[in-house]
file coords-v3.txt (compact mmCIF, C-alpha atoms and all ligand atoms)
# COMPACT_ATOMS: atom_id res chain seq x y z
CA MET A 257 6.10 -0.34 -29.15
CA ALA A 258 7.77 2.85 -27.93
CA LYS A 259 10.70 2.15 -25.66
CA LEU A 260 10.66 3.59 -22.15
CA ARG A 261 13.42 5.89 -21.01
CA PHE A 262 16.17 3.87 -19.31
CA MET A 263 15.71 5.28 -15.86
CA THR A 264 16.63 4.01 -12.43
CA LEU A 265 14.38 4.69 -9.44
CA GLU A 266 17.14 6.72 -7.86
CA ARG A 267 17.41 9.05 -10.85
CA HIS A 268 13.64 9.34 -11.19
CA ILE A 269 13.23 10.39 -7.56
CA ILE A 270 15.94 13.03 -7.94
CA GLU A 271 14.36 14.37 -11.16
CA GLU A 272 10.96 14.52 -9.48
CA GLU A 273 12.40 16.43 -6.54
CA ARG A 274 14.15 18.91 -8.88
CA LYS A 275 10.68 20.00 -10.03
CA HIS A 276 10.33 21.61 -6.60
CA PRO A 277 13.00 24.30 -6.23
CA GLU A 278 12.49 24.46 -2.45
CA ALA A 279 13.31 20.73 -2.04
CA THR A 280 16.36 19.83 0.03
CA GLY A 281 16.91 16.32 -1.33
CA GLU A 282 15.96 14.77 2.00
CA LEU A 283 12.84 13.05 0.66
CA SER A 284 14.89 11.62 -2.22
CA ARG A 285 17.39 10.14 0.21
CA LEU A 286 14.58 8.74 2.36
CA LEU A 287 12.95 7.02 -0.64
CA SER A 288 16.29 5.73 -1.74
CA ASP A 289 16.93 4.16 1.71
CA LEU A 290 13.48 2.59 1.51
CA SER A 291 14.25 1.05 -1.86
CA ILE A 292 17.37 -0.58 -0.40
CA ALA A 293 15.27 -2.19 2.35
CA ALA A 294 12.86 -3.36 -0.38
CA LYS A 295 15.69 -5.07 -2.28
CA VAL A 296 16.86 -6.91 0.82
CA ILE A 297 13.31 -8.00 1.71
CA SER A 298 12.76 -9.09 -1.89
CA LEU A 299 15.84 -11.30 -1.66
CA GLU A 300 14.59 -12.91 1.53
CA VAL A 301 11.07 -13.38 0.11
CA ASN A 302 12.55 -15.14 -2.91
CA LYS A 303 14.41 -17.50 -0.61
CA ALA A 304 11.27 -18.36 1.34
CA GLY A 305 10.44 -21.22 -0.99
CA LEU A 306 13.95 -22.61 -0.95
CA VAL A 307 14.64 -22.90 2.72
CA ASP A 308 12.22 -24.22 5.23
CA ILE A 309 11.16 -20.76 6.45
CA LEU A 310 7.47 -21.13 5.73
CA GLY A 311 6.69 -18.03 7.70
CA PHE A 312 6.69 -19.29 11.27
CA THR A 313 8.72 -17.84 14.12
CA GLY A 314 10.89 -20.33 15.90
CA ASP A 315 11.06 -22.69 12.93
CA HIS A 316 14.36 -24.07 11.75
CA ASN A 317 15.61 -24.03 8.20
CA VAL A 318 17.25 -26.96 6.44
CA HIS A 319 20.54 -26.06 8.07
CA GLY A 320 19.02 -26.28 11.52
CA GLU A 321 19.28 -22.52 12.03
CA SER A 322 16.39 -20.75 13.64
CA VAL A 323 14.71 -18.28 11.32
CA LYS A 324 12.53 -15.28 11.86
CA LYS A 325 9.00 -15.12 10.62
CA LEU A 326 9.23 -13.25 7.32
CA ASP A 327 7.01 -10.35 8.38
CA ILE A 328 9.11 -9.77 11.49
CA TYR A 329 12.22 -9.96 9.33
CA ALA A 330 10.74 -7.31 6.98
CA HIS A 331 9.82 -5.09 9.92
CA ASP A 332 13.33 -5.31 11.39
CA MET A 333 14.93 -4.68 8.01
CA LEU A 334 12.88 -1.53 7.41
CA PHE A 335 13.70 -0.22 10.87
CA ARG A 336 17.41 -0.90 10.41
CA ALA A 337 17.45 0.72 6.96
CA MET A 338 15.57 3.80 8.10
CA ASP A 339 16.54 4.64 11.69
CA HIS A 340 19.91 6.30 11.05
CA GLY A 341 19.43 8.24 7.80
CA GLY A 342 18.65 11.48 9.63
CA HIS A 343 15.41 11.96 7.64
CA LEU A 344 12.87 10.66 10.15
CA CYS A 345 11.63 11.81 13.55
CA VAL A 346 9.36 8.81 14.20
CA MET A 347 8.08 5.62 12.56
CA ALA A 348 5.09 3.33 13.02
CA SER A 349 4.62 -0.21 11.77
CA GLU A 350 1.65 -2.54 11.50
CA GLU A 351 3.79 -5.01 13.45
CA GLU A 352 4.23 -2.73 16.50
CA GLU A 353 1.56 -1.55 18.86
CA ASN A 354 3.12 1.85 19.60
CA ILE A 355 5.06 4.44 17.64
CA ILE A 356 8.74 3.66 17.07
CA HIS A 357 11.20 6.28 18.24
CA ILE A 358 14.43 7.04 16.42
CA PRO A 359 17.29 5.94 18.71
CA HIS A 360 18.58 9.01 20.56
CA HIS A 361 22.12 8.75 19.15
CA HIS A 362 20.82 9.32 15.59
CA ARG A 363 19.97 12.66 14.03
CA LEU A 364 16.28 13.54 13.80
CA GLY A 365 14.71 14.59 10.51
CA LYS A 366 11.49 16.23 9.40
CA TYR A 367 9.66 13.18 8.02
CA VAL A 368 7.38 10.51 9.50
CA LEU A 369 7.27 6.98 8.09
CA LEU A 370 4.45 4.48 8.52
CA PHE A 371 4.67 1.01 7.01
CA ASP A 372 3.13 -2.41 6.69
CA PRO A 373 6.31 -4.49 6.37
CA LEU A 374 4.78 -7.54 4.71
CA ASP A 375 1.17 -7.32 3.64
CA GLY A 376 -0.74 -10.43 2.67
CA SER A 377 1.54 -12.59 4.77
CA SER A 378 -1.01 -15.42 4.92
CA ASN A 379 -0.05 -15.98 1.26
CA ILE A 380 3.67 -16.54 1.89
CA ASP A 381 3.58 -20.30 2.14
CA ALA A 382 1.66 -20.64 -1.12
CA ASN A 383 4.19 -18.60 -3.13
CA VAL A 384 1.54 -15.96 -3.85
CA SER A 385 2.45 -12.27 -4.21
CA ILE A 386 2.92 -10.27 -1.02
CA GLY A 387 4.18 -6.75 -0.46
CA THR A 388 5.43 -3.82 1.60
CA ILE A 389 3.41 -0.61 1.88
CA PHE A 390 4.72 2.78 3.02
CA SER A 391 3.38 6.22 3.79
CA ILE A 392 5.38 9.41 4.42
CA TYR A 393 4.28 12.63 6.13
CA LYS A 394 6.05 15.82 7.19
CA ARG A 395 6.21 16.19 10.95
CA ILE A 396 3.86 18.67 12.61
CA THR A 397 5.75 18.95 15.92
CA PRO A 398 8.82 21.21 16.30
CA ASP A 399 12.06 20.23 14.54
CA ASN A 400 14.82 18.47 16.48
CA THR A 401 12.45 17.00 19.06
CA PRO A 402 11.43 13.33 19.10
CA GLY A 403 8.39 12.68 16.88
CA THR A 404 5.08 11.92 18.58
CA LEU A 405 1.81 10.11 17.98
CA ASP A 406 0.36 13.38 16.64
CA ASP A 407 2.96 13.34 13.86
CA CYS A 408 1.70 9.89 12.87
CA LEU A 409 -2.02 10.56 13.17
CA GLN A 410 -2.44 12.85 10.16
CA ALA A 411 -5.13 12.53 7.52
CA GLY A 412 -3.98 10.71 4.39
CA MET A 413 -4.32 13.84 2.23
CA HIS A 414 -1.26 15.21 4.07
CA GLN A 415 1.00 12.39 2.86
CA VAL A 416 3.97 13.77 0.92
CA ALA A 417 4.78 10.41 -0.66
CA ALA A 418 3.52 6.85 -0.57
CA GLY A 419 4.05 3.57 -2.30
CA TYR A 420 4.20 -0.17 -2.24
CA ILE A 421 6.46 -2.98 -3.35
CA VAL A 422 4.93 -6.19 -4.72
CA TYR A 423 7.09 -9.30 -4.38
CA GLY A 424 5.53 -11.26 -7.23
CA SER A 425 6.70 -12.90 -10.44
CA SER A 426 9.05 -9.91 -10.37
CA THR A 427 9.54 -7.27 -7.69
CA VAL A 428 7.77 -4.04 -8.55
CA LEU A 429 7.90 -0.76 -6.67
CA THR A 430 5.19 1.85 -7.25
CA TYR A 431 5.46 5.31 -5.71
CA THR A 432 4.04 8.76 -5.87
CA ALA A 433 5.50 11.93 -4.44
CA GLY A 434 2.42 13.91 -5.43
CA SER A 435 2.82 14.19 -9.20
CA GLY A 436 1.77 10.94 -10.84
CA ALA A 437 2.24 7.30 -9.91
CA HIS A 438 5.27 5.52 -11.30
CA CYS A 439 6.24 1.87 -11.42
CA PHE A 440 9.71 0.32 -11.34
CA THR A 441 10.69 -3.31 -11.82
CA LEU A 442 13.68 -4.76 -10.02
CA GLU A 443 16.38 -6.03 -12.37
CA PRO A 444 17.84 -8.61 -9.99
CA SER A 445 21.19 -9.11 -11.73
CA ILE A 446 22.16 -5.42 -11.43
CA GLY A 447 20.09 -4.80 -8.30
CA GLU A 448 18.37 -1.71 -9.70
CA PHE A 449 14.73 -0.73 -9.91
CA LEU A 450 14.13 0.32 -13.55
CA LEU A 451 11.23 2.44 -14.74
CA SER A 452 8.53 0.19 -16.18
CA HIS A 453 5.38 2.41 -16.16
CA GLU A 454 5.63 6.18 -15.95
CA ASN A 455 2.66 8.30 -14.95
CA ILE A 456 0.19 5.43 -14.80
CA LYS A 457 -3.38 6.36 -15.69
CA ILE A 458 -5.99 4.02 -14.31
CA PRO A 459 -8.80 3.29 -16.82
CA SER A 460 -11.84 5.44 -16.02
CA LYS A 461 -13.93 2.26 -15.85
CA GLY A 462 -12.81 -1.33 -15.58
CA LYS A 463 -14.22 -4.81 -16.02
CA ILE A 464 -12.93 -6.56 -12.90
CA TYR A 465 -14.18 -6.52 -9.31
CA SER A 466 -12.09 -7.75 -6.43
CA ILE A 467 -13.61 -8.70 -3.08
CA ASN A 468 -13.70 -11.65 -0.66
CA GLU A 469 -17.09 -12.96 -1.75
CA GLY A 470 -17.11 -15.55 1.03
CA ASN A 471 -18.30 -12.74 3.30
CA TYR A 472 -21.42 -12.12 1.17
CA LYS A 473 -23.84 -13.09 3.93
CA TYR A 474 -22.49 -10.32 6.20
CA TRP A 475 -22.53 -7.49 3.65
CA HIS A 476 -24.57 -4.31 3.55
CA PRO A 477 -27.66 -4.76 1.27
CA GLY A 478 -26.37 -2.03 -1.06
CA LEU A 479 -23.13 -3.92 -1.59
CA LYS A 480 -25.01 -7.16 -2.29
CA LYS A 481 -27.06 -5.35 -4.95
CA TYR A 482 -23.95 -3.76 -6.47
CA ILE A 483 -22.18 -7.12 -6.85
CA LYS A 484 -25.32 -8.67 -8.37
CA TYR A 485 -25.47 -5.70 -10.77
CA LEU A 486 -21.87 -6.32 -11.86
CA GLN A 487 -22.74 -9.97 -12.55
CA GLU A 488 -25.69 -9.17 -14.83
CA GLU A 489 -25.31 -9.23 -18.61
CA ASP A 490 -25.43 -5.89 -20.41
CA ALA A 491 -23.24 -5.24 -23.42
CA ALA A 492 -23.70 -1.46 -23.27
CA THR A 493 -22.09 -1.24 -19.81
CA ASN A 494 -19.60 -4.05 -20.42
CA ARG A 495 -21.19 -6.42 -17.92
CA PRO A 496 -20.82 -9.00 -16.53
CA TYR A 497 -17.54 -8.07 -14.86
CA SER A 498 -14.88 -10.67 -14.08
CA THR A 499 -13.80 -11.36 -10.54
CA ARG A 500 -10.19 -11.56 -9.33
CA TYR A 501 -9.18 -11.78 -5.68
CA ILE A 502 -5.65 -12.60 -4.64
CA GLY A 503 -6.05 -11.82 -0.95
CA SER A 504 -2.91 -9.66 -0.89
CA MET A 505 -4.03 -6.06 -1.05
CA VAL A 506 -0.84 -4.88 -2.74
CA ALA A 507 -1.27 -7.38 -5.56
CA ASP A 508 -5.01 -6.74 -5.96
CA ILE A 509 -4.39 -2.98 -5.98
CA HIS A 510 -1.51 -3.26 -8.44
CA ARG A 511 -3.70 -5.15 -10.90
CA THR A 512 -6.52 -2.63 -10.36
CA LEU A 513 -4.11 0.23 -11.06
CA LEU A 514 -3.01 -1.30 -14.36
CA TYR A 515 -6.23 -2.90 -15.63
CA GLY A 516 -8.90 -0.81 -13.88
CA GLY A 517 -11.96 -1.99 -11.99
CA ILE A 518 -12.61 -1.90 -8.27
CA PHE A 519 -10.95 -3.37 -5.18
CA MET A 520 -13.13 -3.64 -2.09
CA TYR A 521 -12.64 -4.55 1.53
CA PRO A 522 -15.98 -3.47 2.99
CA ALA A 523 -17.35 -3.16 6.48
CA ASP A 524 -19.76 -5.99 7.27
CA SER A 525 -22.00 -7.11 10.12
CA ARG A 526 -19.09 -8.90 11.81
CA ASN A 527 -16.43 -6.23 11.18
CA PRO A 528 -18.11 -2.82 11.30
CA ASN A 529 -14.89 -1.05 10.29
CA GLY A 530 -13.71 -3.58 7.72
CA LYS A 531 -10.34 -5.27 8.10
CA LEU A 532 -7.66 -3.13 6.52
CA ARG A 533 -5.69 -0.50 8.41
CA LEU A 534 -6.14 3.16 7.53
CA MET A 535 -2.59 4.29 8.29
CA TYR A 536 -0.53 1.39 6.94
CA GLU A 537 -2.60 0.02 4.09
CA CYS A 538 -5.47 2.22 2.93
CA ASN A 539 -4.00 5.75 2.96
CA PRO A 540 -0.86 4.94 0.93
CA VAL A 541 -2.81 2.90 -1.58
CA ALA A 542 -5.45 5.66 -1.84
CA MET A 543 -2.73 8.24 -2.58
CA ILE A 544 -1.34 6.07 -5.39
CA ILE A 545 -4.78 5.37 -6.85
CA GLU A 546 -5.67 9.08 -6.81
CA ALA A 547 -2.30 10.03 -8.33
CA ALA A 548 -3.24 7.73 -11.23
CA GLY A 549 -6.63 9.41 -11.64
CA GLY A 550 -8.65 6.88 -9.63
CA LYS A 551 -10.79 7.18 -6.52
CA ALA A 552 -10.58 5.70 -3.04
CA SER A 553 -13.54 5.85 -0.70
CA ASP A 554 -14.73 4.42 2.60
CA GLY A 555 -18.10 3.92 0.90
CA LYS A 556 -19.35 7.41 1.63
CA LYS A 557 -16.47 9.84 1.39
CA ARG A 558 -12.91 10.33 0.19
CA LEU A 559 -10.70 8.06 2.23
CA LEU A 560 -7.78 10.51 2.32
CA GLU A 561 -9.89 13.02 4.26
CA ILE A 562 -10.44 10.76 7.28
CA LYS A 563 -8.82 12.20 10.39
CA PRO A 564 -7.41 9.18 12.24
CA ASP A 565 -8.03 8.62 15.96
CA GLU A 566 -5.65 5.74 16.49
CA LEU A 567 -2.63 4.16 14.90
CA HIS A 568 -4.16 0.79 14.08
CA GLN A 569 -7.58 2.07 13.07
CA ARG A 570 -9.44 -0.03 10.50
CA VAL A 571 -11.50 1.39 7.66
CA PRO A 572 -13.65 0.03 4.81
CA ILE A 573 -12.04 0.67 1.42
CA PHE A 574 -13.33 0.84 -2.16
CA ALA A 575 -10.61 1.88 -4.59
CA GLY A 576 -10.03 1.86 -8.31
CA SER A 577 -11.46 3.29 -11.53
CA PRO A 578 -13.37 6.50 -10.79
CA GLU A 579 -16.61 5.46 -12.52
CA ASP A 580 -16.68 2.13 -10.70
CA VAL A 581 -16.12 3.69 -7.27
CA LEU A 582 -18.80 6.33 -7.90
CA MET A 583 -21.27 3.62 -8.93
CA LEU A 584 -20.54 1.61 -5.78
CA GLU A 585 -21.10 4.70 -3.60
CA GLU A 586 -24.43 5.25 -5.32
CA PHE A 587 -25.58 1.68 -4.57
CA LEU A 588 -24.62 2.06 -0.90
CA ARG A 589 -26.38 5.45 -0.69
CA ASN A 590 -29.57 4.17 -2.29
CA GLU A 591 -29.94 1.43 0.31
CA GLU A 592 -29.45 3.93 3.17
CA GLU A 593 -32.44 6.00 2.08
P1 LIG B 601 -2.34 -8.89 6.75
O1 LIG B 601 -1.97 -7.47 7.09
O2 LIG B 601 -2.53 -9.76 7.95
O3 LIG B 601 -1.45 -9.48 5.74
O4 LIG B 601 -3.84 -8.83 6.15
C1 LIG B 601 -4.12 -7.94 5.13
C2 LIG B 601 -4.61 -8.72 3.94
C3 LIG B 601 -4.71 -7.85 2.72
O5 LIG B 601 -3.53 -7.91 1.99
C4 LIG B 601 -5.85 -8.47 1.97
O6 LIG B 601 -6.49 -7.54 1.14
C5 LIG B 601 -6.75 -8.96 3.06
O7 LIG B 601 -5.92 -9.14 4.19
C6 LIG B 601 -7.42 -10.25 2.75
O8 LIG B 601 -8.26 -10.58 3.79
P2 LIG B 601 -9.34 -11.77 3.69
O9 LIG B 601 -8.57 -13.03 3.83
O10 LIG B 601 -10.27 -11.52 4.84
O11 LIG B 601 -10.04 -11.65 2.38
MG MG B 602 -1.29 -5.80 6.14
call {"tool": "encode", "arguments": {"input": "coords-v3.txt", "output": "structure tokens"}}
result
Amino acid sequence: MAKLRFMTLERHIIEEERKHPEATGELSRLLSDLSIAAKVISLEVNKAGLVDILGFTGDHNVHGESVKKLDIYAHDMLFRAMDHGGHLCVMASEEEENIIHIPHHHRLGKYVLLFDPLDGSSNIDANVSIGTIFSIYKRITPDNTPGTLDDCLQAGMHQVAAGYIVYGSSTVLTYTAGSGAHCFTLEPSIGEFLLSHENIKIPSKGKIYSINEGNYKYWHPGLKKYIKYLQEEDAATNRPYSTRYIGSMVADIHRTLLYGGIFMYPADSRNPNGKLRLMYECNPVAMIIEAAGGKASDGKKRLLEIKPDELHQRVPIFAGSPEDVLMLEEFLRNEEE
């Protein structure tokens, strides 16, 4: 097997930025600050099974010390790592109702950061993979003024970079800054993210579908037909598909990126906009999937083209191998007619 280049995340980001002669290095420094927050969160996530954290605010660990809920801890850590770098003018987090201003004594930058500090947090207590998701835009309001809600409410196609970190059997960071999606694995003893997959290409068609099938009763008829179709036997189209559903979007998306197939969190009769958040979860993941040659849709159109109306807006998502997403869209369309 060909050996990968020995490449740290830091060096990769700098090399990527050098491809753009107009770049100032600010985005590189921003991503590098983010990776430091990821390392600290990873450390805390790994300790979750050792001490009696178990994810609940107000609990006490074995030493009788009160501990923060892990998702609040991750939120605070990201804020503290990112507020003073001078790269950002505003942030928004899935854990906070309103936009987060940069404290006035820090320098303001030209970027906007949105994040889901700890996605899949219902899985923490079972030692199942969870993750952090981030999305970066350039501000649209004038420089050197505090960022606003308008800076945050941009369509996903305007993201300049996006990524996620999966805290799993190892900690893996995947990012794109527009040209390709790249994966790095944390080497814990030296504390560095090392390149593990460069320029990932998602298979054009997969063999796995990923959805919470317990909601079957509430689905759109087109979706029911599509899932039944995937379960039928047909050697020519590689069916039946297998099903895998972790219930942590980052982990389900990471597998989809590497193995192909389709991840779905649809709208249904109880949740007409689905469950997952456009700004914190779906847009960044859609940017990564597209950078790897995949597709991400709300069932009808390209997810990255949705113009958001509110920070915590939910959206149905279907993301993965291009042929699988196109087929799903066709099933949904056929039932509309
Ligand atoms: P969270 O933001 O509260 O962690 O919820 C998001 C998670 C996603 O990671 C995952 O895809 C989805 O919720 C699973 O939801 P469900 O339990 O309804 O299948
Ligand atoms: Mg989430």
call {"tool": "residues_around", "arguments": {"input": "coords-v3.txt", "residues": "A:Gly530", "least_positions_apart": "4", "cutoff": "12 Å", "atoms": "all atoms listed in the file", "output": "PyMOL selection string"}}
result
chain A and resi 467-468+471+474-476+520-526+534+538+554-555+569-574
call {"tool": "closest_residue", "arguments": {"input": "coords-v3.txt", "among": "A:Leu486, A:Val384, A:Leu567, A:Ala575", "to": "A:Asp407", "atoms": "all atoms listed in the file"}}
result
A:Leu567
call {"tool": "closest_residue", "arguments": {"input": "coords-v3.txt", "among": "A:Ala304, A:Ile446, A:Leu374, A:Ile464", "to": "ligand MG 602 (chain B)", "atoms": "all atoms listed in the file"}}
result
A:Leu374
call {"tool": "closest_residue", "arguments": {"input": "coords-v3.txt", "among": "A:Phe587, A:Phe390, A:Tyr482, A:Tyr367", "to": "ligand MG 602 (chain B)", "atoms": "only C-alpha atoms and all ligand atoms"}}
result
A:Phe390
call {"tool": "closest_residue", "arguments": {"input": "coords-v3.txt", "among": "A:Ile389, A:Leu409, A:Leu588, A:Leu283", "to": "ligand MG 602 (chain B)", "atoms": "only C-alpha atoms and all ligand atoms"}}
result
A:Ile389
call {"tool": "residues_near_ligand", "arguments": {"input": "coords-v3.txt", "ligand": "ligand MG 602 (chain B)", "cutoff": "7 Å", "atoms": "only C-alpha atoms and all ligand atoms", "output": "compact mmCIF listing (two decimals) with C-alpha atoms, in the coordinates of the input"}}
result
# COMPACT_ATOMS: atom_id res chain seq x y z
CA GLU A 350 1.65 -2.54 11.50
CA ASP A 372 3.13 -2.41 6.69
CA LEU A 374 4.78 -7.54 4.71
CA ASP A 375 1.17 -7.32 3.64
CA GLY A 376 -0.74 -10.43 2.67
CA LEU A 532 -7.66 -3.13 6.52
CA GLU A 537 -2.60 0.02 4.09
call {"tool": "residues_around", "arguments": {"input": "coords-v3.txt", "residues": "stretch 508-516 of chain A", "least_positions_apart": "5", "cutoff": "6 Å", "atoms": "all atoms listed in the file", "output": "list of chain:residue names"}}
result
A:Ile458, A:Pro459, A:Gly462, A:Ser577
call {"tool": "residues_around", "arguments": {"input": "coords-v3.txt", "residues": "stretch 414-416 of chain A", "least_positions_apart": "6", "cutoff": "9 Å", "atoms": "all atoms listed in the file", "output": "compact mmCIF listing (two decimals) with C-alpha atoms, in the coordinates of the input"}}
result
# COMPACT_ATOMS: atom_id res chain seq x y z
CA LEU A 283 12.84 13.05 0.66
CA SER A 391 3.38 6.22 3.79
CA ILE A 392 5.38 9.41 4.42
CA TYR A 393 4.28 12.63 6.13
CA LYS A 394 6.05 15.82 7.19
CA THR A 432 4.04 8.76 -5.87
CA ALA A 433 5.50 11.93 -4.44
CA GLY A 434 2.42 13.91 -5.43
CA ASN A 539 -4.00 5.75 2.96
CA PRO A 540 -0.86 4.94 0.93
CA MET A 543 -2.73 8.24 -2.58
CA LEU A 560 -7.78 10.51 2.32
CA GLU A 561 -9.89 13.02 4.26
call {"tool": "closest_residue", "arguments": {"input": "coords-v3.txt", "among": "A:Ser504, A:Asn379, A:Asn529, A:Ser498", "to": "ligand LIG 601 (chain B)", "atoms": "all atoms listed in the file"}}
result
A:Ser504
call {"tool": "closest_residue", "arguments": {"input": "coords-v3.txt", "among": "A:Tyr431, A:Tyr501, A:Phe262, A:Phe449", "to": "ligand LIG 601 (chain B)", "atoms": "all atoms listed in the file"}}
result
A:Tyr501
call {"tool": "residues_around", "arguments": {"input": "coords-v3.txt", "residues": "A:Arg336", "least_positions_apart": "2", "cutoff": "12 Å", "atoms": "all atoms listed in the file", "output": "VMD selection string"}}
result
chain A and resid 289 to 290 292 to 294 296 to 297 329 to 334 338 to 341 347 356 358 to 359 362
call {"tool": "atom_distance", "arguments": {"input": "coords-v3.txt", "atom1": "atom CA of A:Arg261", "atom2": "atom CA of A:Leu451"}}
result
7.5 Å
call {"tool": "atom_distance", "arguments": {"input": "coords-v3.txt", "atom1": "atom CA of A:Gly517", "atom2": "atom CA of A:Tyr465"}}
result
5.7 Å
call {"tool": "residues_around", "arguments": {"input": "coords-v3.txt", "residues": "A:Lys556", "least_positions_apart": "4", "cutoff": "9 Å", "atoms": "only C-alpha atoms", "output": "compact mmCIF listing (two decimals) with C-alpha atoms, in the frame of the given file"}}
result
# COMPACT_ATOMS: atom_id res chain seq x y z
CA GLU A 585 -21.10 4.70 -3.60
CA GLU A 586 -24.43 5.25 -5.32
CA LEU A 588 -24.62 2.06 -0.90
CA ARG A 589 -26.38 5.45 -0.69
call {"tool": "atom_distance", "arguments": {"input": "coords-v3.txt", "atom1": "atom CA of A:Asn455", "atom2": "atom CA of A:Ala337"}}
result
27.5 Å
